[in-house]
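The data block below is upload-v3.txt; it holds compact mmCIF, C-alpha atoms.
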```
# COMPACT_ATOMS: atom_id res chain seq x y z
CA MET M 50 65.49 5.78 18.02
CA ASN M 51 65.73 6.76 21.72
CA LYS M 52 62.80 7.20 24.10
CA ALA M 53 62.76 11.01 23.83
CA ASN M 54 62.55 10.89 20.03
CA ARG M 55 59.76 8.32 20.16
CA LEU M 56 57.80 10.51 22.57
CA ASP M 57 58.40 13.56 20.34
CA ARG M 58 57.08 11.68 17.30
CA LEU M 59 54.06 10.49 19.22
CA GLU M 60 53.36 14.05 20.38
CA GLN M 61 53.71 15.38 16.81
CA PHE M 62 51.30 12.71 15.56
CA MET M 63 48.72 13.47 18.26
CA VAL M 64 48.94 17.25 17.71
CA ALA M 65 48.44 16.77 13.95
CA LEU M 66 45.51 14.46 14.67
CA ILE M 67 43.61 16.61 17.17
CA THR M 68 44.11 19.82 15.17
CA SER M 69 42.71 18.27 12.01
CA ARG M 70 39.26 19.08 10.67
CA ALA M 71 36.71 16.30 10.20
CA ASP M 72 37.29 14.60 6.86
CA LYS M 73 35.85 11.10 6.94
CA ASN M 74 36.61 10.20 3.33
CA ALA M 75 40.32 10.98 3.50
CA ARG M 76 41.12 8.87 6.57
CA SER M 77 41.74 5.21 7.26
CA LEU M 78 39.33 3.24 9.43
CA PRO M 79 41.66 3.10 12.52
CA ILE M 80 42.14 6.89 12.41
CA ARG M 81 38.39 7.46 12.09
CA ILE M 82 37.78 5.21 15.09
CA LEU M 83 40.47 7.02 17.11
CA LEU M 84 38.96 10.41 16.25
CA LYS M 85 35.55 9.14 17.31
CA VAL M 86 36.95 7.99 20.66
CA LEU M 87 38.69 11.34 21.17
CA LYS M 88 35.48 13.19 20.35
CA HIS M 89 33.51 11.25 22.96
CA LEU M 90 36.28 11.85 25.51
CA SER M 91 36.00 15.57 24.75
CA TYR M 92 32.34 15.46 25.87
CA ILE M 93 33.47 14.06 29.22
CA TYR M 94 36.18 16.73 29.45
CA TYR M 95 33.55 19.41 28.69
CA ALA M 96 31.35 18.16 31.52
CA VAL M 97 34.26 18.12 33.98
CA ILE M 98 35.37 21.67 33.07
CA GLN M 99 31.87 23.13 33.29
CA THR M 100 31.14 21.33 36.57
CA ARG M 101 34.36 22.69 38.08
CA LEU M 102 33.49 26.21 36.95
CA TRP M 103 29.96 25.86 38.43
CA LEU M 104 31.42 24.72 41.75
CA TYR M 105 33.62 27.84 41.93
CA GLU M 106 30.85 30.18 40.81
CA HIS M 107 28.52 28.83 43.53
CA ARG M 108 31.26 29.02 46.21
CA ILE M 109 31.32 25.27 46.81
CA PHE M 110 34.97 25.42 45.83
CA ARG M 111 36.59 28.43 47.46
CA TYR M 112 38.49 31.24 45.72
CA HIS M 113 41.51 32.61 47.59
CA ALA M 114 41.93 36.40 47.78
CA LEU M 115 45.39 37.69 48.70
CA GLY M 116 44.51 41.36 49.21
CA CYS M 117 46.30 42.67 46.14
CA GLN M 118 45.75 43.09 42.41
CA VAL M 119 45.73 39.78 40.52
CA ILE M 120 45.79 39.94 36.73
CA SER M 121 45.22 36.74 34.79
CA ILE M 122 46.61 36.47 31.25
CA GLY M 123 45.59 33.28 29.49
CA ASN M 124 43.71 31.72 26.60
CA LEU M 125 41.07 29.20 25.65
CA VAL M 126 43.34 26.98 23.57
CA VAL M 127 46.51 25.04 24.25
CA GLY M 128 49.54 27.16 23.26
CA GLY M 129 50.27 29.22 20.20
CA THR M 130 48.62 32.57 20.98
CA GLY M 131 51.82 34.52 21.69
CA LYS M 132 51.13 34.92 25.39
CA THR M 133 54.64 35.50 26.74
CA PRO M 134 55.25 38.89 25.01
CA VAL M 135 51.82 40.06 26.26
CA VAL M 136 52.74 39.10 29.83
CA GLU M 137 55.98 41.03 29.35
CA ILE M 138 54.30 44.22 28.10
CA PHE M 139 51.87 44.18 31.04
CA ALA M 140 54.62 43.60 33.60
CA ARG M 141 56.80 46.31 32.08
CA ASN M 142 54.02 48.93 31.99
CA LEU M 143 52.77 48.14 35.48
CA GLN M 144 56.32 48.32 36.87
CA LYS M 145 56.83 51.71 35.19
CA LYS M 146 53.64 52.94 36.87
CA GLY M 147 55.14 52.15 40.26
CA ARG M 148 53.65 48.74 40.97
CA LYS M 149 55.78 46.03 42.56
CA VAL M 150 55.08 43.18 40.16
CA ALA M 151 55.49 39.42 40.45
CA ILE M 152 54.80 36.97 37.63
CA LEU M 153 53.46 33.63 38.84
CA SER M 154 53.95 30.67 36.51
CA ARG M 155 53.54 26.94 36.86
CA GLY M 156 56.77 26.46 34.88
CA TYR M 157 55.56 24.10 32.19
CA LYS M 158 58.09 21.33 31.45
CA LYS M 159 60.54 22.48 34.11
CA GLU M 160 62.90 19.88 35.54
CA GLU M 161 61.11 17.80 38.18
CA PRO M 162 62.33 15.36 40.85
CA PRO M 163 61.87 11.62 40.16
CA ILE M 164 58.24 10.49 40.27
CA LEU M 165 58.69 8.44 43.46
CA GLU M 166 60.06 11.47 45.29
CA ARG M 167 57.14 13.59 44.04
CA ILE M 168 54.63 11.01 45.31
CA ILE M 169 56.32 10.90 48.74
CA ARG M 170 56.35 14.70 48.96
CA LYS M 171 52.66 14.84 48.08
CA LEU M 172 51.64 12.08 50.52
CA THR M 173 53.66 13.61 53.37
CA LEU M 174 52.33 17.12 52.53
CA ARG M 175 55.91 18.41 52.23
CA GLU M 176 55.20 20.17 48.95
CA MET M 177 52.55 22.33 50.66
CA PHE M 178 55.25 23.96 52.79
CA GLU M 179 58.13 24.09 50.32
CA PRO M 180 58.79 27.59 48.94
CA PRO M 181 58.26 28.25 45.22
CA ARG M 182 61.18 28.30 42.82
CA ILE M 183 62.44 31.88 42.52
CA VAL M 184 63.54 32.50 38.93
CA SER M 185 64.22 36.18 39.63
CA ASP M 186 63.96 38.19 42.85
CA GLY M 187 63.62 41.38 40.82
CA LYS M 188 67.37 41.99 40.97
CA LYS M 189 69.06 38.98 39.41
CA LEU M 190 68.41 35.65 37.71
CA LEU M 191 68.59 32.76 40.14
CA LEU M 192 67.62 29.72 38.03
CA ASP M 193 68.28 28.46 34.52
CA SER M 194 65.60 27.51 32.00
CA SER M 195 65.68 23.80 32.85
CA MET M 196 64.78 24.46 36.49
CA SER M 197 62.26 27.23 35.79
CA GLY M 198 60.74 26.43 32.39
CA ASP M 199 61.17 28.34 29.12
CA GLU M 200 58.68 31.17 29.55
CA PRO M 201 59.54 32.11 33.18
CA TYR M 202 63.25 32.19 32.34
CA MET M 203 62.64 34.30 29.23
CA LEU M 204 60.45 36.74 31.19
CA ALA M 205 62.97 36.99 34.03
CA SER M 206 65.79 37.64 31.53
CA ASN M 207 63.93 40.50 29.85
CA LEU M 208 62.35 42.19 32.88
CA SER M 209 64.36 44.00 35.53
CA ASP M 210 62.69 44.86 38.86
CA VAL M 211 60.03 42.17 38.30
CA CYS M 212 59.95 39.01 40.41
CA VAL M 213 59.27 35.70 38.66
CA LEU M 214 58.19 32.68 40.71
CA VAL M 215 57.36 29.13 39.66
CA ASP M 216 55.03 26.74 41.45
CA LYS M 217 51.95 24.70 40.59
CA ASP M 218 50.29 26.21 43.67
CA ARG M 219 50.06 29.86 42.69
CA VAL M 220 48.16 30.79 45.83
CA LYS M 221 51.28 29.74 47.74
CA SER M 222 53.67 31.50 45.35
CA GLY M 223 51.47 34.62 45.43
CA ARG M 224 51.63 34.75 49.23
CA TYR M 225 55.40 34.25 49.05
CA ALA M 226 55.77 37.15 46.56
CA ILE M 227 53.77 39.43 48.86
CA ASP M 228 55.48 38.41 52.12
CA LYS M 229 59.10 38.09 50.95
CA PHE M 230 59.32 40.69 48.16
CA GLY M 231 56.58 43.16 49.05
CA CYS M 232 54.73 42.68 45.75
CA ASP M 233 51.38 44.43 45.32
CA THR M 234 50.51 43.19 41.81
CA LEU M 235 50.48 39.56 40.71
CA ILE M 236 50.34 38.47 37.07
CA LEU M 237 49.13 34.92 36.54
CA ASP M 238 50.92 33.60 33.46
CA ASP M 239 48.47 31.25 31.73
CA GLY M 240 45.92 31.89 34.45
CA PHE M 241 42.50 31.72 32.76
CA GLN M 242 41.88 28.17 34.00
CA TYR M 243 43.53 28.74 37.40
CA LEU M 244 40.47 29.46 39.52
CA SER M 245 41.86 28.93 43.04
CA LEU M 246 43.21 32.49 43.11
CA LYS M 247 40.64 35.25 42.68
CA HIS M 248 41.30 37.30 39.52
CA MET M 249 40.68 41.06 39.57
CA VAL M 250 41.28 41.49 35.82
CA GLU M 251 40.81 38.71 33.26
CA ILE M 252 42.73 39.03 29.99
CA VAL M 253 42.21 36.42 27.28
CA LEU M 254 44.30 36.06 24.14
CA VAL M 255 42.85 34.94 20.81
CA ASP M 256 45.06 34.13 17.82
CA LYS M 257 43.52 35.91 14.84
CA THR M 258 45.10 33.45 12.38
CA ASN M 259 43.50 30.44 14.08
CA PRO M 260 41.13 31.64 16.82
CA PHE M 261 39.78 28.38 18.24
CA GLY M 262 41.42 25.62 16.19
CA ASN M 263 38.89 23.09 14.95
CA GLU M 264 36.55 24.25 17.78
CA HIS M 265 36.63 20.90 19.55
CA MET M 266 37.50 20.47 23.22
CA LEU M 267 40.49 18.45 24.38
CA PRO M 268 41.41 15.76 23.50
CA ARG M 269 39.70 16.02 20.07
CA GLY M 270 40.77 19.64 19.65
CA LEU M 271 42.87 22.25 21.42
CA LEU M 272 40.15 24.02 23.41
CA ARG M 273 40.68 23.96 27.17
CA GLU M 274 37.22 25.40 27.73
CA PRO M 275 34.09 25.93 25.62
CA ILE M 276 34.31 29.05 23.44
CA LYS M 277 31.34 30.59 25.29
CA ASN M 278 33.48 30.82 28.46
CA ILE M 279 35.30 33.79 26.96
CA LYS M 280 32.43 35.77 28.52
CA ARG M 281 34.55 35.84 31.73
CA ALA M 282 37.14 38.11 30.06
CA ASN M 283 37.43 41.83 30.82
CA PHE M 284 39.82 42.39 27.91
CA ILE M 285 40.45 40.31 24.78
CA PHE M 286 43.80 40.58 23.00
CA LEU M 287 43.51 39.66 19.34
CA THR M 288 47.09 38.57 18.61
CA LYS M 289 49.05 37.96 15.40
CA SER M 290 47.02 40.56 13.55
CA ASN M 291 48.10 42.60 10.55
CA GLY M 292 45.52 45.31 11.13
CA THR M 293 43.15 44.26 8.36
CA GLY M 294 40.42 41.70 7.89
CA SER M 295 39.53 41.46 11.56
CA GLU M 296 35.88 42.48 11.35
CA GLU M 297 34.45 38.96 11.30
CA ILE M 298 36.36 37.63 14.30
CA LYS M 299 35.77 40.87 16.23
CA ALA M 300 32.03 40.63 15.57
CA ARG M 301 32.03 37.04 16.83
CA LEU M 302 33.96 37.98 19.95
CA LYS M 303 31.53 40.83 20.62
CA ASP M 304 28.62 38.40 20.34
CA LEU M 305 30.31 36.07 22.80
CA ASN M 306 31.29 38.86 25.21
CA PRO M 307 29.68 42.28 24.61
CA ARG M 308 31.35 43.91 27.65
CA ALA M 309 34.99 43.05 26.90
CA GLU M 310 37.26 45.56 25.18
CA ILE M 311 39.11 44.11 22.18
CA ILE M 312 42.74 45.12 21.75
CA GLU M 313 44.39 44.18 18.47
CA CYS M 314 48.12 43.56 18.40
CA ARG M 315 50.89 41.96 16.40
CA HIS M 316 54.27 40.43 17.07
CA SER M 317 56.74 42.99 15.82
CA PRO M 318 60.32 41.77 15.11
CA ARG M 319 62.99 44.07 16.57
CA TYR M 320 66.44 42.58 15.96
CA LEU M 321 68.50 39.38 15.78
CA GLN M 322 70.82 38.40 18.60
CA ASN M 323 73.53 35.77 18.65
CA VAL M 324 72.50 33.00 21.05
CA TYR M 325 76.05 32.66 22.42
CA SER M 326 77.13 36.30 22.57
CA GLU M 327 75.77 39.83 22.93
CA GLU M 328 76.12 40.48 19.19
CA LYS M 329 72.98 42.03 17.68
CA LYS M 330 72.07 42.38 14.03
CA ASP M 331 69.62 44.75 12.42
CA LEU M 332 66.72 43.05 10.63
CA SER M 333 68.18 44.20 7.30
CA PHE M 334 70.87 41.54 7.90
CA LEU M 335 68.31 38.96 6.75
CA LYS M 336 67.83 40.43 3.28
CA ASP M 337 68.70 37.69 0.75
CA LEU M 338 70.58 35.79 3.47
CA PRO M 339 70.56 31.98 3.05
CA VAL M 340 69.32 30.69 6.41
CA VAL M 341 68.17 27.54 8.17
CA LEU M 342 65.27 27.82 10.63
CA LEU M 343 65.04 25.98 13.94
CA SER M 344 61.95 25.95 16.16
CA GLY M 345 60.26 23.96 18.90
CA ILE M 346 57.10 26.01 19.45
CA ALA M 347 53.38 25.32 19.17
CA VAL M 348 52.82 27.26 15.91
CA PRO M 349 56.10 27.54 13.93
CA ALA M 350 54.43 28.80 10.73
CA GLY M 351 54.14 32.35 12.11
CA PHE M 352 57.86 32.52 12.94
CA GLU M 353 58.81 31.08 9.56
CA SER M 354 56.66 33.54 7.64
CA LEU M 355 58.21 36.45 9.60
CA ILE M 356 61.69 35.41 8.46
CA GLU M 357 60.49 34.98 4.88
CA ASN M 358 58.74 38.36 4.87
CA MET M 359 61.93 40.04 6.04
CA GLY M 360 63.83 38.68 3.05
CA GLY M 361 65.50 35.60 4.50
CA ARG M 362 66.19 32.90 1.90
CA ILE M 363 65.09 29.77 3.72
CA LEU M 364 67.12 26.67 2.79
CA ASP M 365 65.70 24.31 5.41
CA LYS M 366 63.32 24.15 8.38
CA HIS M 367 63.85 22.03 11.48
CA ARG M 368 60.65 21.69 13.50
CA PHE M 369 60.54 20.05 16.91
CA VAL M 370 57.67 19.61 19.36
CA ASP M 371 56.71 22.51 21.62
CA HIS M 372 59.19 23.04 24.51
CA HIS M 373 61.65 20.51 23.06
CA ARG M 374 64.91 20.55 25.00
CA TYR M 375 67.73 20.24 22.49
CA THR M 376 70.75 18.00 22.92
CA GLN M 377 74.26 18.95 21.87
CA GLN M 378 74.21 16.24 19.20
CA GLU M 379 70.97 17.53 17.69
CA LEU M 380 72.39 21.04 17.43
CA ILE M 381 75.71 19.81 16.00
CA ASP M 382 73.82 17.76 13.38
CA ILE M 383 71.79 20.84 12.38
CA ILE M 384 74.93 22.98 12.16
CA ASN M 385 76.70 20.35 10.04
CA LYS M 386 73.75 20.12 7.65
CA ALA M 387 73.46 23.93 7.48
CA GLN M 388 77.15 24.11 6.61
CA ARG M 389 76.69 21.61 3.76
CA GLN M 390 73.75 23.67 2.50
CA GLU M 391 75.98 26.79 2.58
CA ALA M 392 73.72 28.59 5.03
CA LYS M 393 75.10 31.80 6.51
CA ALA M 394 73.07 31.61 9.73
CA ILE M 395 70.67 29.49 11.75
CA ILE M 396 67.68 31.47 12.99
CA THR M 397 65.57 30.37 15.94
CA THR M 398 63.00 31.88 18.33
CA GLU M 399 63.76 33.51 21.66
CA LYS M 400 61.92 30.69 23.44
CA ASP M 401 64.07 28.11 21.68
CA ALA M 402 67.25 30.05 22.43
CA VAL M 403 66.93 29.44 26.17
CA ARG M 404 66.81 25.68 25.52
CA LEU M 405 69.88 25.44 23.29
CA PRO M 406 72.91 23.76 24.88
CA MET M 407 76.34 25.38 25.02
CA ILE M 408 78.60 24.34 22.15
CA ASN M 409 82.00 25.37 20.82
CA ARG M 410 80.91 25.38 17.17
CA HIS M 411 80.55 28.88 15.72
CA ASP M 412 81.16 28.24 12.02
CA VAL M 413 77.46 28.77 11.33
CA PRO M 414 76.23 31.44 13.78
CA VAL M 415 72.93 30.88 15.60
CA TYR M 416 70.67 33.90 16.11
CA PHE M 417 67.30 34.30 17.80
CA LEU M 418 64.66 36.75 16.64
CA ARG M 419 63.67 39.24 19.34
CA VAL M 420 59.94 40.06 19.06
CA ASN M 421 57.85 42.65 20.91
CA ILE M 422 54.11 43.18 21.08
CA GLU M 423 52.88 46.18 19.12
CA ILE M 424 49.33 47.38 19.74
CA ILE M 425 47.72 48.39 16.45
CA SER M 426 44.19 49.17 17.67
CA GLY M 427 42.75 49.71 21.12
CA LYS M 428 45.73 51.56 22.64
CA GLU M 429 43.40 53.67 24.77
CA ASP M 430 41.74 50.51 26.08
CA PHE M 431 45.16 49.06 26.94
CA HIS M 432 46.20 52.18 28.85
CA ASP M 433 42.79 52.22 30.53
CA CYS M 434 43.41 48.62 31.62
CA ILE M 435 46.83 49.56 33.09
CA SER M 436 45.31 52.57 34.87
CA ARG M 437 42.45 50.47 36.22
CA ILE M 438 44.96 48.05 37.73
CA CYS M 439 47.26 50.76 39.11
CA PHE M 440 44.61 52.95 40.68
CA HIS M 441 42.03 50.36 41.71
```
Can you turn what I pasted into structure tokens?
Amino acid sequence: MNKANRLDRLEQFMVALITSRADKNARSLPIRILLKVLKHLSYIYYAVIQTRLWLYEHRIFRYHALGCQVISIGNLVVGGTGKTPVVEIFARNLQKKGRKVAILSRGYKKEEPPILERIIRKLTLREMFEPPRIVSDGKKLLLDSSMSGDEPYMLASNLSDVCVLVDKDRVKSGRYAIDKFGCDTLILDDGFQYLSLKHMVEIVLVDKTNPFGNEHMLPRGLLREPIKNIKRANFIFLTKSNGTGSEEIKARLKDLNPRAEIIECRHSPRYLQNVYSEEKKDLSFLKDLPVVLLSGIAVPAGFESLIENMGGRILDKHRFVDHHRYTQQELIDIINKAQRQEAKAIITTEKDAVRLPMINRHDVPVYFLRVNIEIISGKEDFHDCISRICFH
């Protein structure tokens, strides 16, 4: 087993561990000890997060204001809320209203220079003056997914006339977007915890199917901040909803944040597209089709149930860790197995599609499922949010 596979297995083990509920009787002594250690570490993490927030709120740490609209779209938990389509719908609507939009991302798991070079750049302050990576200048794609990260590349591919920039320092990338591209509206992708840049509008996503995980902070759970911190939000997007059975979670969110508007939405599948061509298939193509599923996302169960609900006959599921970058051999092995299973197609997510390597094998076609956000309640609040940003 190579190093990458060992790291993937370790990550899968840790994710399964920290997302688990407390069940002392069903676990071995070493696991119980490890969970106890993680829980105590989460108390330390809680103290650090709340201290940092207090320092910003009392102006000991300084916010930066760039003189334009800054919209933060983020969440309380690590991954899995369906954030990227929400960022897309905001960028698209703001651009249609005449705003010059830039999306600022840190580019999670983008390709980085060797660690020694990164240390030298940090010590010599070179990275402070280096420009951000420009994924799209609003006219054309300039970087691939390995250099930009999955989400920025996907957003840049789907949004024309929207700039997409990647840098850990989003104050710097925000200034660059304003000075070089004339942007007047900045969207912080995954920005709820990014406090250096002053947010004008705070949008927080909550996954209806699993709102706060096991409700523990990192590293015992998936919470980046205490649940009570959702009080900072101006709007709450309740994602992955089916339009029913939301009363309990809505009531809890209202208790936590009485002033925030709650907008309920779902991920609506639109079509299938061949990963290696422009060929598109209507969703009816899936009816009774024997398929193999491939995913490397935080919560694959939602994607898998979508395919099943649309009539796909699932023969096999290949799950990898979130943001896994596939090798040619991995994909060839999956195609070979799918062929033996007599699958007619391999179906993956749009996020995974940007990480698939080029291959010459087309005997089992590979399609990604294109998904859009559909607002099912709170449309007026959404349009009010867009208007508030546009005419502030």
With all atoms listed in the file counted, which protein, DNA or RNA residues have an atom no more than 7 Å from (65.9, 26.9, 17.6) in the file frame? Please answer as a CSV table (one decimal) with C-alpha atoms, in the frame of the given file.
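Just written: out_3.csv:
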```
chain,number,residue,atom,x,y,z
M,343,LEU,CA,65.0,26.0,13.9
M,344,SER,CA,62.0,26.0,16.2
M,345,GLY,CA,60.3,24.0,18.9
M,396,ILE,CA,67.7,31.5,13.0
M,397,THR,CA,65.6,30.4,15.9
M,398,THR,CA,63.0,31.9,18.3
M,401,ASP,CA,64.1,28.1,21.7
M,402,ALA,CA,67.2,30.0,22.4
```
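Atom CA of M:Lys221 lies 11.6 Å from atom CA of M:Ser154.
From atom CA of M:Leu335 back to atom CA of M:Asn358, the distance works out to 9.8 Å.
Atom CA of M:Ser295 sits 10.9 Å away from atom CA of M:Ser426.
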Could you list, as a ChimeraX atom specification, every residue within 12 Å of M:Lys146, counting only C-alpha atoms and ignoring same-chain residues fewer than 4 positions away? /M:139-142,150,234,432,435-440
Keeping only C-alpha atoms, write the selected residues to a file as a compact mmCIF listing (two decimals), in the coordinates of the input.
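That gives us part-v4.txt:
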```txt
# COMPACT_ATOMS: atom_id res chain seq x y z
CA PHE M 139 51.87 44.18 31.04
CA ALA M 140 54.62 43.60 33.60
CA ARG M 141 56.80 46.31 32.08
CA ASN M 142 54.02 48.93 31.99
CA VAL M 150 55.08 43.18 40.16
CA THR M 234 50.51 43.19 41.81
CA HIS M 432 46.20 52.18 28.85
CA ILE M 435 46.83 49.56 33.09
CA SER M 436 45.31 52.57 34.87
CA ARG M 437 42.45 50.47 36.22
CA ILE M 438 44.96 48.05 37.73
CA CYS M 439 47.26 50.76 39.11
CA PHE M 440 44.61 52.95 40.68
```
Select from stretch 65-143 of chain M every residue with an atom at most 10 Å from any atom of stretch 303-322 of chain M, then for each give the shortest pair of atoms and their distance in Å to one decimal, using all atoms listed in the file, rows by chain and rising number, as a Markdown table.
```
| residue | atom | partner | partner_atom | distance |
| --- | --- | --- | --- | --- |
| M:Gly131 | CA | M:His316 | CA | 7.9 |
| M:Pro134 | CA | M:His316 | CA | 8.1 |
| M:Val135 | CA | M:Cys314 | CA | 9.4 |
```
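Residue nearest M:His113, chosen from M:Glu160, M:Arg175, M:His248, M:Ala65 and counting all atoms listed in the file: M:His248.
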Would you write out, as CSV, a table of all residues in stretch 94-177 of chain M that have an atom no more than 9 Å from an atom of stretch 270-289 of chain M, listing for each the closest atom pair and the distance in Å to one decimal, considering only C-alpha atoms and ordering rows by chain and rising residue number?
```
residue,atom,partner,partner_atom,distance
M:Tyr94,CA,M:Arg273,CA,8.8
M:Tyr95,CA,M:Glu274,CA,7.1
M:Ile98,CA,M:Glu274,CA,6.8
M:Gln99,CA,M:Glu274,CA,8.0
M:Asn124,CA,M:Arg273,CA,8.4
M:Leu125,CA,M:Arg273,CA,5.5
M:Val126,CA,M:Leu272,CA,4.4
M:Val127,CA,M:Leu271,CA,5.4
M:Gly128,CA,M:Leu271,CA,8.5
M:Thr130,CA,M:Thr288,CA,6.6
M:Gly131,CA,M:Thr288,CA,6.9
M:Lys132,CA,M:Thr288,CA,8.7
M:Val135,CA,M:Phe286,CA,8.7
```
Write out the residues from the selection above, keeping C-alpha atoms, as an mmCIF file, keeping the file's coordinate frame.
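Final file, again01.cif:
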```
data_model
loop_
_atom_site.group_PDB
_atom_site.id
_atom_site.type_symbol
_atom_site.label_atom_id
_atom_site.label_comp_id
_atom_site.auth_asym_id
_atom_site.auth_seq_id
_atom_site.Cartn_x
_atom_site.Cartn_y
_atom_site.Cartn_z
ATOM 1 C CA TYR M 94 36.180 16.730 29.450
ATOM 2 C CA TYR M 95 33.550 19.410 28.690
ATOM 3 C CA ILE M 98 35.370 21.670 33.070
ATOM 4 C CA GLN M 99 31.870 23.130 33.290
ATOM 5 C CA ASN M 124 43.710 31.720 26.600
ATOM 6 C CA LEU M 125 41.070 29.200 25.650
ATOM 7 C CA VAL M 126 43.340 26.980 23.570
ATOM 8 C CA VAL M 127 46.510 25.040 24.250
ATOM 9 C CA GLY M 128 49.540 27.160 23.260
ATOM 10 C CA THR M 130 48.620 32.570 20.980
ATOM 11 C CA GLY M 131 51.820 34.520 21.690
ATOM 12 C CA LYS M 132 51.130 34.920 25.390
ATOM 13 C CA VAL M 135 51.820 40.060 26.260
#
```
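Near M:Leu364, within 12 Å and counting all atoms listed in the file, sit M:Asp337, M:Leu338, M:Pro339, M:Val340, M:Val341, M:Leu342, M:Leu343, M:Glu353, M:Ile356, M:Glu357, M:Lys386, M:Ala387, M:Gln388, M:Arg389, M:Gln390, M:Glu391, M:Ala392, M:Lys393, M:Ala394, M:Ile395, M:Ile396; same-chain residues fewer than 6 positions away were not included.
When all atoms listed in the file are used to measure the gap to M:Asp331, the shortest distance among M:Arg419, M:Arg70, M:Arg410, M:Lys247 belongs to M:Arg419.
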If you count only C-alpha atoms, the residue of M:Asn385, M:Leu190, M:Gln61, M:Gly129 closest to M:Pro349 turns out to be M:Gly129
In terms of the shortest atom-to-atom distance over all atoms listed in the file, which of M:Leu191, M:Gly427, M:Asp57, M:Glu137 is closest to M:Tyr375? M:Asp57
Given the point (56.5, 35.3, 48.7) in the file's coordinates, find the residues that have an atom at most 10 Å from it, counting only C-alpha atoms, and give them as a VMD selection string. chain M and resid 151 180 to 181 183 186 212 214 220 to 232
For M:Val119, work out the shell of residues within 9 Å, counting only C-alpha atoms and skipping chain neighbours fewer than 4 positions away, then give it as a PyMOL selection string. chain M and resi 114-115+233-237+246-251+438
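The smallest atom-to-atom distance between M:Thr133 and any of M:Ala350, M:Glu327, M:Glu399, M:His89, using all atoms listed in the file, is found for M:Glu399.
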Find, counting only C-alpha atoms, the residue in M:Pro163, M:Gly156, M:Pro268, M:Gly294 that gets nearest to M:Val213. M:Gly156
